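Visitor: Got a structure for you, structure37.pdb, holding PDB, C-alpha atoms and all ligand atoms.
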MODEL        1
ATOM      1  CA  MET A   1     -15.316 270.726 -95.197
ATOM      2  CA  ILE A   2     -18.088 270.038 -97.696
ATOM      3  CA  SER A   3     -18.659 272.373-100.607
ATOM      4  CA  ASN A   4     -21.271 275.100-100.682
ATOM      5  CA  PRO A   5     -24.426 273.485-102.069
ATOM      6  CA  GLY A   6     -25.112 276.650-104.056
ATOM      7  CA  LEU A   7     -28.616 277.176-102.688
ATOM      8  CA  PHE A   8     -27.984 280.334-100.713
ATOM      9  CA  GLU A   9     -29.636 282.556-103.295
ATOM     10  CA  SER A  10     -32.869 280.644-103.245
ATOM     11  CA  GLY A  11     -34.245 281.920 -99.940
ATOM     12  CA  ASP A  12     -36.352 279.332 -98.189
ATOM     13  CA  GLU A  13     -37.447 277.658-101.410
ATOM     14  CA  GLY A  14     -36.822 274.012-102.061
ATOM     15  CA  GLY A  15     -37.083 273.016 -98.416
ATOM     16  CA  TRP A  16     -34.146 275.055 -97.156
ATOM     17  CA  ILE A  17     -34.712 276.924 -93.910
ATOM     18  CA  ARG A  18     -32.796 279.944 -92.721
ATOM     19  CA  LEU A  19     -31.171 279.643 -89.303
ATOM     20  CA  SER A  20     -32.849 282.900 -88.305
ATOM     21  CA  SER A  21     -36.217 281.228 -89.002
ATOM     22  CA  LEU A  22     -35.526 278.908 -86.067
ATOM     23  CA  ARG A  23     -35.416 281.965 -83.798
ATOM     24  CA  HIS A  24     -38.456 283.609 -85.320
ATOM     25  CA  TYR A  25     -40.542 280.428 -85.187
ATOM     26  CA  THR A  26     -39.563 279.657 -81.612
ATOM     27  CA  TYR A  27     -40.545 283.163 -80.536
ATOM     28  CA  CYS A  28     -43.872 283.117 -82.349
ATOM     29  CA  PRO A  29     -44.827 280.935 -85.344
ATOM     30  CA  ARG A  30     -46.960 283.776 -86.689
ATOM     31  CA  SER A  31     -43.983 286.141 -86.788
ATOM     32  CA  TRP A  32     -42.035 283.530 -88.768
ATOM     33  CA  ALA A  33     -44.947 283.219 -91.217
ATOM     34  CA  LEU A  34     -45.314 286.983 -91.625
ATOM     35  CA  ILE A  35     -41.597 287.310 -92.395
ATOM     36  CA  GLU A  36     -41.175 284.260 -94.623
ATOM     37  CA  ARG A  37     -44.541 283.965 -96.321
ATOM     38  CA  GLU A  38     -45.839 287.523 -96.350
ATOM     39  CA  CYS A  39     -42.378 289.137 -96.716
ATOM     40  CA  VAL A  40     -43.156 291.549 -93.882
ATOM     41  CA  PHE A  41     -40.256 292.973 -91.975
ATOM     42  CA  ASP A  42     -41.198 295.980 -89.907
ATOM     43  CA  GLU A  43     -38.543 297.457 -87.678
ATOM     44  CA  ASN A  44     -38.754 298.747 -84.145
ATOM     45  CA  VAL A  45     -36.051 300.050 -81.857
ATOM     46  CA  PHE A  46     -34.955 296.514 -80.896
ATOM     47  CA  THR A  47     -34.554 295.254 -84.469
ATOM     48  CA  GLN A  48     -32.744 298.459 -85.442
ATOM     49  CA  ARG A  49     -30.280 298.059 -82.593
ATOM     50  CA  GLY A  50     -29.792 294.374 -83.440
ATOM     51  CA  ARG A  51     -29.118 295.235 -87.072
ATOM     52  CA  LYS A  52     -26.475 297.794 -86.044
ATOM     53  CA  VAL A  53     -24.722 295.198 -83.889
ATOM     54  CA  HIS A  54     -24.587 292.719 -86.773
ATOM     55  CA  GLU A  55     -23.387 295.383 -89.186
ATOM     56  CA  ARG A  56     -20.440 296.084 -86.883
ATOM     57  CA  VAL A  57     -19.587 292.383 -86.717
ATOM     58  CA  GLU A  58     -19.811 292.056 -90.504
ATOM     59  CA  LEU A  59     -17.427 294.992 -91.038
ATOM     60  CA  ALA A  60     -14.692 293.488 -88.855
ATOM     61  CA  GLU A  61     -11.897 291.608 -90.621
ATOM     62  CA  PRO A  62     -11.068 287.956 -89.906
ATOM     63  CA  GLU A  63      -8.156 287.701 -87.513
ATOM     64  CA  THR A  64      -5.811 285.274 -85.794
ATOM     65  CA  ARG A  65      -4.977 286.025 -82.191
ATOM     66  CA  ASP A  66      -3.183 283.718 -79.722
ATOM     67  CA  GLY A  67      -3.456 280.901 -82.231
ATOM     68  CA  VAL A  68      -7.237 281.252 -82.621
ATOM     69  CA  ARG A  69      -8.544 282.048 -86.081
ATOM     70  CA  SER A  70     -11.803 284.064 -86.026
ATOM     71  CA  GLU A  71     -13.916 284.100 -89.183
ATOM     72  CA  ARG A  72     -16.737 286.648 -89.455
ATOM     73  CA  SER A  73     -20.014 286.285 -91.316
ATOM     74  CA  LEU A  74     -19.219 282.713 -92.256
ATOM     75  CA  PRO A  75     -21.793 280.964 -94.497
ATOM     76  CA  ILE A  76     -22.818 277.668 -92.902
ATOM     77  CA  TRP A  77     -25.329 274.967 -93.764
ATOM     78  CA  SER A  78     -26.590 271.484 -93.047
ATOM     79  CA  GLN A  79     -27.693 269.402 -95.993
ATOM     80  CA  GLN A  80     -29.187 266.804 -93.658
ATOM     81  CA  LEU A  81     -31.505 269.313 -91.998
ATOM     82  CA  GLY A  82     -31.852 271.732 -94.910
ATOM     83  CA  LEU A  83     -30.607 274.618 -92.789
ATOM     84  CA  TYR A  84     -28.455 277.512 -93.934
ATOM     85  CA  GLY A  85     -27.376 280.913 -92.756
ATOM     86  CA  VAL A  86     -24.457 283.061 -91.743
ATOM     87  CA  ALA A  87     -22.620 282.693 -88.433
ATOM     88  CA  ASP A  88     -21.528 285.999 -86.871
ATOM     89  CA  VAL A  89     -18.158 284.694 -85.669
ATOM     90  CA  VAL A  90     -16.685 281.195 -85.803
ATOM     91  CA  GLU A  91     -13.497 280.608 -83.826
ATOM     92  CA  PHE A  92     -11.147 277.825 -84.848
ATOM     93  CA  HIS A  93      -9.148 276.742 -81.799
ATOM     94  CA  ASP A  94      -6.530 273.972 -81.835
ATOM     95  CA  ASN A  95      -8.959 271.274 -80.819
ATOM     96  CA  ARG A  96     -12.420 272.769 -81.107
ATOM     97  CA  ILE A  97     -14.707 275.045 -83.080
ATOM     98  CA  LEU A  98     -16.768 277.708 -81.315
ATOM     99  CA  THR A  99     -19.574 279.674 -82.915
ATOM    100  CA  VAL A 100     -20.308 283.026 -81.278
ATOM    101  CA  GLU A 101     -23.652 284.688 -81.946
ATOM    102  CA  TYR A 102     -23.961 288.406 -81.182
ATOM    103  CA  LYS A 103     -27.143 289.470 -79.424
ATOM    104  CA  LEU A 104     -28.551 292.560 -77.804
ATOM    105  CA  SER A 105     -30.172 290.628 -74.994
ATOM    106  CA  SER A 106     -28.580 290.693 -71.562
ATOM    107  CA  ARG A 107     -26.982 287.609 -70.070
ATOM    108  CA  ASP A 108     -29.880 286.947 -67.704
ATOM    109  CA  ARG A 109     -32.409 287.170 -70.530
ATOM    110  CA  GLU A 110     -31.301 284.605 -73.063
ATOM    111  CA  ARG A 111     -34.320 283.643 -75.037
ATOM    112  CA  GLU A 112     -35.104 280.133 -76.161
ATOM    113  CA  GLY A 113     -35.099 281.212 -79.807
ATOM    114  CA  GLU A 114     -31.521 282.441 -79.511
ATOM    115  CA  LEU A 115     -30.447 279.108 -78.005
ATOM    116  CA  VAL A 116     -32.230 277.122 -80.715
ATOM    117  CA  GLN A 117     -30.581 279.242 -83.427
ATOM    118  CA  LEU A 118     -27.195 278.696 -81.779
ATOM    119  CA  ALA A 119     -27.804 274.935 -81.632
ATOM    120  CA  GLY A 120     -28.764 275.039 -85.335
ATOM    121  CA  GLN A 121     -25.414 276.686 -86.089
ATOM    122  CA  VAL A 122     -23.595 273.981 -84.153
ATOM    123  CA  LEU A 123     -25.391 271.234 -86.072
ATOM    124  CA  CYS A 124     -24.365 272.921 -89.341
ATOM    125  CA  LEU A 125     -20.722 273.219 -88.275
ATOM    126  CA  GLU A 126     -20.598 269.621 -87.035
ATOM    127  CA  GLU A 127     -21.797 268.403 -90.415
ATOM    128  CA  MET A 128     -19.522 270.719 -92.419
ATOM    129  CA  PHE A 129     -16.364 269.962 -90.465
ATOM    130  CA  GLU A 130     -17.241 266.368 -89.489
ATOM    131  CA  CYS A 131     -16.617 266.951 -85.806
ATOM    132  CA  GLU A 132     -18.421 267.092 -82.472
ATOM    133  CA  ILE A 133     -19.067 270.436 -80.831
ATOM    134  CA  GLN A 134     -20.173 270.600 -77.221
ATOM    135  CA  THR A 135     -20.766 274.322 -76.751
ATOM    136  CA  GLY A 136     -21.636 277.521 -78.531
ATOM    137  CA  ALA A 137     -21.477 281.071 -77.226
ATOM    138  CA  ILE A 138     -23.658 284.157 -77.160
ATOM    139  CA  TYR A 139     -21.946 287.521 -76.939
ATOM    140  CA  HIS A 140     -24.217 289.996 -75.181
ATOM    141  CA  TYR A 141     -23.379 293.246 -76.851
ATOM    142  CA  GLY A 142     -24.963 295.471 -74.208
ATOM    143  CA  SER A 143     -22.987 294.067 -71.286
ATOM    144  CA  ARG A 144     -19.970 292.929 -73.373
ATOM    145  CA  GLU A 145     -20.295 289.480 -71.799
ATOM    146  CA  ARG A 146     -19.992 286.089 -73.395
ATOM    147  CA  SER A 147     -22.031 283.142 -72.179
ATOM    148  CA  HIS A 148     -21.115 279.616 -73.100
ATOM    149  CA  ILE A 149     -24.087 277.384 -73.825
ATOM    150  CA  GLU A 150     -23.983 273.613 -73.692
ATOM    151  CA  ILE A 151     -25.572 272.239 -76.851
ATOM    152  CA  ASP A 152     -27.257 269.309 -75.167
ATOM    153  CA  ASP A 153     -29.639 266.659 -76.491
ATOM    154  CA  ARG A 154     -32.675 268.750 -75.573
ATOM    155  CA  LEU A 155     -31.529 271.704 -77.679
ATOM    156  CA  ARG A 156     -30.586 269.448 -80.592
ATOM    157  CA  ALA A 157     -34.010 267.807 -80.459
ATOM    158  CA  ARG A 158     -35.636 271.242 -80.315
ATOM    159  CA  VAL A 159     -33.893 272.255 -83.546
ATOM    160  CA  ARG A 160     -35.251 269.169 -85.302
ATOM    161  CA  GLU A 161     -38.700 269.790 -83.837
ATOM    162  CA  ILE A 162     -38.774 273.398 -85.101
ATOM    163  CA  VAL A 163     -37.475 272.358 -88.537
ATOM    164  CA  ALA A 164     -40.324 269.811 -88.798
ATOM    165  CA  ALA A 165     -42.864 272.366 -87.552
ATOM    166  CA  ILE A 166     -41.749 274.932 -90.162
ATOM    167  CA  ARG A 167     -42.050 272.350 -92.940
ATOM    168  CA  GLY A 168     -45.528 271.468 -91.640
ATOM    169  CA  GLN A 169     -46.583 275.120 -91.569
ATOM    170  CA  ARG A 170     -45.378 275.686 -95.121
ATOM    171  CA  ALA A 171     -47.917 273.132 -96.301
ATOM    172  CA  ARG A 172     -50.809 275.066 -94.733
ATOM    173  CA  PRO A 173     -52.402 278.136 -96.307
ATOM    174  CA  GLN A 174     -53.391 279.738 -92.999
ATOM    175  CA  LEU A 175     -51.149 281.951 -90.962
ATOM    176  CA  PRO A 176     -50.484 280.469 -87.521
ATOM    177  CA  ALA A 177     -52.690 281.799 -84.745
ATOM    178  CA  ALA A 178     -51.835 285.115 -83.111
ATOM    179  CA  PRO A 179     -51.164 284.311 -79.461
ATOM    180  CA  ALA A 180     -51.963 287.925 -78.511
ATOM    181  CA  ASP A 181     -49.953 287.725 -75.305
ATOM    182  CA  ARG A 182     -46.956 289.470 -73.729
ATOM    183  CA  ARG A 183     -44.709 288.493 -76.665
ATOM    184  CA  CYS A 184     -46.570 291.018 -78.813
ATOM    185  CA  ARG A 185     -45.393 293.945 -76.680
ATOM    186  CA  GLY A 186     -41.836 293.808 -77.973
ATOM    187  CA  CYS A 187     -42.660 292.493 -81.448
ATOM    188  CA  SER A 188     -41.817 294.725 -84.406
ATOM    189  CA  LEU A 189     -44.619 293.152 -86.455
ATOM    190  CA  VAL A 190     -47.447 294.107 -84.141
ATOM    191  CA  THR A 191     -48.833 296.798 -86.459
ATOM    192  CA  THR A 192     -49.055 294.445 -89.430
ATOM    193  CA  CYS A 193     -50.017 291.393 -87.407
ATOM    194  CA  MET A 194     -52.866 293.039 -85.469
ATOM    195  CA  PRO A 195     -52.964 290.277 -82.842
ATOM    196  CA  GLN A 196     -55.896 291.782 -80.966
ATOM    197  CA  LEU A 197     -57.955 291.804 -84.140
ATOM    198  CA  PHE A 198     -56.918 288.388 -85.392
ATOM    199  CA  GLY A 199     -56.704 286.506 -82.116
ATOM    200  CA  GLY A 200     -59.544 284.215 -80.952
ATOM    201  CA  LYS A 201     -62.799 283.924 -82.880
ATOM    202  CA  ARG A 202     -62.039 286.747 -85.331
ATOM    203  CA  ARG A 203     -58.832 284.992 -86.339
ATOM    204  CA  ARG A 204     -60.656 281.755 -87.073
ATOM    205  CA  VAL A 205     -63.138 283.573 -89.301
ATOM    206  CA  TRP A 206     -60.304 285.353 -91.132
ATOM    207  CA  ASP A 207     -58.267 282.149 -91.544
ATOM    208  CA  GLN A 208     -61.305 280.392 -92.999
ATOM    209  CA  ARG A 209     -61.864 283.257 -95.443
ATOM    210  CA  ARG A 210     -58.218 283.293 -96.411
ATOM    211  CA  ALA A 211     -58.155 279.531 -96.991
ATOM    212  CA  GLU A 212     -61.211 279.847 -99.249
ATOM    213  CA  LEU A 213     -59.628 282.672-101.230
ATOM    214  CA  PHE A 214     -56.405 280.826-101.923
ATOM    215  CA  HIS A 215     -57.821 277.304-102.072
ATOM    216  CA  PRO A 216     -61.447 277.662-103.228
ATOM    217  CA  PRO A 217     -63.556 274.541-102.737
ATOM    218  CA  ASP A 218     -64.335 272.564-105.889
ATOM    219  CA  GLU A 219     -67.567 273.749-107.437
ATOM    220  CA  PRO A 220     -69.993 270.869-108.031
ATOM    221  CA  GLY A 221     -70.857 270.240-111.653
ATOM    222  CA  LEU A 222     -67.716 271.874-113.082
ATOM    223  CA  ALA A 223     -65.605 268.775-113.554
TER
HETATM  224  S1  LIG B 301     -47.516 290.727 -82.766
HETATM  225 FE1  LIG B 301     -47.693 288.951 -81.394
HETATM  226  S2  LIG B 301     -48.862 287.421 -82.552
HETATM  227 FE2  LIG B 301     -48.115 288.966 -84.004
HETATM  228  S3  LIG B 301     -46.219 288.130 -84.795
HETATM  229 FE3  LIG B 301     -45.687 289.472 -83.079
HETATM  230  S4  LIG B 301     -45.615 288.113 -81.272
HETATM  231 FE4  LIG B 301     -46.684 287.006 -82.903
ENDMDL
END
Can you turn what I pasted into structure tokens?

Guide:
Amino acid sequence: MISNPGLFESGDEGGWIRLSSLRHYTYCPRSWALIERECVFDENVFTQRGRKVHERVELAEPETRDGVRSERSLPIWSQQLGLYGVADVVEFHDNRILTVEYKLSSRDREREGELVQLAGQVLCLEEMFECEIQTGAIYHYGSRERSHIEIDDRLRARVREIVAAIRGQRARPQLPAAPADRRCRGCSLVTTCMPQLFGGKRRRVWDQRRAELFHPPDEPGLA
């Protein structure tokens, strides 16, 4: 296992990307930007419930049962991808490692963002423990069910795609567009985001104004 690179205190600075950012960006790039760049984190009933679930996982002690060691809230990272975060539960079996992410969502409603985050965890663990991992798992807290997810080439490519997209977005002053679609209904950031106000033409005007404020054009004659 490689040593902790010591960058966990530095947030997303220096090119490091939180694993949770993969989920946020996949759901809506604007929500990722509001959280990471504007430091907005409004809660709604879904985020509150999710936080409670993770708090319960964090409070549980590591254990060994039937020869399987379960570590909770394990810091993980990938230096190659610049990813870091905390895995809810990582199980160490005789011949394999299984990361288990706790989610509120039901088994029939796994969201792409959750799968991409899980694949990001697997890529971190593969690099840390120099091994190959075929599957990860999501534990659906509501139904107390565990689904095993194959971490295939498509999911691995999606992680790399989202990592590149986040790095690209960091270089731009504008917030990503507000899609103003059904995703906004369950989004805790809707009050701050104001997707109806900043979608479409109004958004483009605002983004232009914002870009001018933070990156004013050079004034002629003031060299
Ligand atoms: S309210 Fe809609 S546009 Fe705004 S961050 Fe949430 S999902 Fe994205």

Visitor: Provide the atom CA of A:Ala171 to atom CA of A:Glu36 distance in Å, to one decimal place.

Guide: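 Calculated distance between atom CA of A:Ala171 and atom CA of A:Glu36 is 13.1 Å.
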
Visitor: Care to translate the PyMOL selection byres (((not hetatm)) within 12 of (chain B and resi 301)) into actual residues of this file, as a ChimeraX atom specification?

Guide: /A:24-36,38,40-44,175-200,203

Visitor: Counting all atoms listed in the file, which residue out of A:Leu123, A:Glu112, A:Tyr139, A:Arg23 sits closest to A:Gln79?

Guide: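 Counting all atoms listed in the file, the residue closest to A:Gln79 is A:Leu123.
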
Visitor: Care to translate the PyMOL selection byres (((chain A and resi 142-151) around 12) and not hetatm) into actual residues of this file, as a compact mmCIF listing (two decimals) with C-alpha atoms, in the coordinates of the input?

Guide:
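Produced file result_11.txt, reproduced below:
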# COMPACT_ATOMS: atom_id res chain seq x y z
CA ARG A 49 -30.28 298.06 -82.59
CA GLY A 50 -29.79 294.37 -83.44
CA VAL A 53 -24.72 295.20 -83.89
CA LEU A 98 -16.77 277.71 -81.32
CA THR A 99 -19.57 279.67 -82.92
CA VAL A 100 -20.31 283.03 -81.28
CA GLU A 101 -23.65 284.69 -81.95
CA TYR A 102 -23.96 288.41 -81.18
CA LYS A 103 -27.14 289.47 -79.42
CA LEU A 104 -28.55 292.56 -77.80
CA SER A 105 -30.17 290.63 -74.99
CA SER A 106 -28.58 290.69 -71.56
CA ARG A 107 -26.98 287.61 -70.07
CA ASP A 108 -29.88 286.95 -67.70
CA ARG A 109 -32.41 287.17 -70.53
CA GLU A 110 -31.30 284.60 -73.06
CA GLU A 112 -35.10 280.13 -76.16
CA GLU A 114 -31.52 282.44 -79.51
CA LEU A 115 -30.45 279.11 -78.00
CA VAL A 116 -32.23 277.12 -80.72
CA GLN A 117 -30.58 279.24 -83.43
CA LEU A 118 -27.20 278.70 -81.78
CA ALA A 119 -27.80 274.94 -81.63
CA GLY A 120 -28.76 275.04 -85.34
CA GLN A 121 -25.41 276.69 -86.09
CA VAL A 122 -23.60 273.98 -84.15
CA LEU A 123 -25.39 271.23 -86.07
CA GLU A 126 -20.60 269.62 -87.04
CA GLU A 132 -18.42 267.09 -82.47
CA ILE A 133 -19.07 270.44 -80.83
CA GLN A 134 -20.17 270.60 -77.22
CA THR A 135 -20.77 274.32 -76.75
CA GLY A 136 -21.64 277.52 -78.53
CA ALA A 137 -21.48 281.07 -77.23
CA ILE A 138 -23.66 284.16 -77.16
CA TYR A 139 -21.95 287.52 -76.94
CA HIS A 140 -24.22 290.00 -75.18
CA TYR A 141 -23.38 293.25 -76.85
CA ASP A 152 -27.26 269.31 -75.17
CA ASP A 153 -29.64 266.66 -76.49
CA ARG A 154 -32.67 268.75 -75.57
CA LEU A 155 -31.53 271.70 -77.68
CA ARG A 156 -30.59 269.45 -80.59
CA ALA A 157 -34.01 267.81 -80.46
CA ARG A 158 -35.64 271.24 -80.32
CA VAL A 159 -33.89 272.26 -83.55

Visitor: What's the 12 Å shell around A:Gln80, counting all atoms listed in the file, without same-chain residues fewer than 4 positions away, as a list in words?

Guide: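 These residues fall inside the cut-off: Pro5, Gly15, Trp16, Ile17, Tyr84, Gly120, Leu123, Cys124, Leu125, Glu126, Glu127, Met128, Arg160 and Val163 of chain A.
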
Visitor: Looking at only C-alpha atoms, which of A:Lys52, A:Arg111, A:His93, A:Arg37 is the one that sits closest to A:Ser70?

Guide: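 The shortest atom-to-atom distance to A:Ser70 comes from A:His93.
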
Visitor: Which residues would end up in the selection if the PyMOL selection byres (((chain A and resi 65-69) around 8) and not hetatm) were applied here, given that I need the answer as a ChimeraX atom specification?

Guide: /A:62-64,70-71,91-94

Visitor: Since we have the selection now, will you write its residues out, keeping C-alpha atoms, as a PDB file, keeping the file's coordinate frame?

Guide:
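After the write, again10.pdb holds the following:
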ATOM      1  CA  PRO A  62     -11.068 287.956 -89.906  1.00  0.00           C
ATOM      2  CA  GLU A  63      -8.156 287.701 -87.513  1.00  0.00           C
ATOM      3  CA  THR A  64      -5.811 285.274 -85.794  1.00  0.00           C
ATOM      4  CA  SER A  70     -11.803 284.064 -86.026  1.00  0.00           C
ATOM      5  CA  GLU A  71     -13.916 284.100 -89.183  1.00  0.00           C
ATOM      6  CA  GLU A  91     -13.497 280.608 -83.826  1.00  0.00           C
ATOM      7  CA  PHE A  92     -11.147 277.825 -84.848  1.00  0.00           C
ATOM      8  CA  HIS A  93      -9.148 276.742 -81.799  1.00  0.00           C
ATOM      9  CA  ASP A  94      -6.530 273.972 -81.835  1.00  0.00           C
TER      10      ASP A  94
END

Visitor: Would you list the contacts of A:Ala60 as a ChimeraX atom specification, taking every protein, DNA or RNA residue within 10 Å and counting only C-alpha atoms, but skipping same-chain residues closer than 3 positions in sequence?

Guide: /A:55-57,63,71-73,89

Visitor: For the selection you just gave me, I'd like the residues written to a file as a PDB file, keeping the file's coordinate frame, keeping C-alpha atoms.

Guide:
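Wrote part.pdb, looks like this:
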ATOM      1  CA  GLU A  55     -23.387 295.383 -89.186  1.00  0.00           C
ATOM      2  CA  ARG A  56     -20.440 296.084 -86.883  1.00  0.00           C
ATOM      3  CA  VAL A  57     -19.587 292.383 -86.717  1.00  0.00           C
ATOM      4  CA  GLU A  63      -8.156 287.701 -87.513  1.00  0.00           C
ATOM      5  CA  GLU A  71     -13.916 284.100 -89.183  1.00  0.00           C
ATOM      6  CA  ARG A  72     -16.737 286.648 -89.455  1.00  0.00           C
ATOM      7  CA  SER A  73     -20.014 286.285 -91.316  1.00  0.00           C
ATOM      8  CA  VAL A  89     -18.158 284.694 -85.669  1.00  0.00           C
TER       9      VAL A  89
END
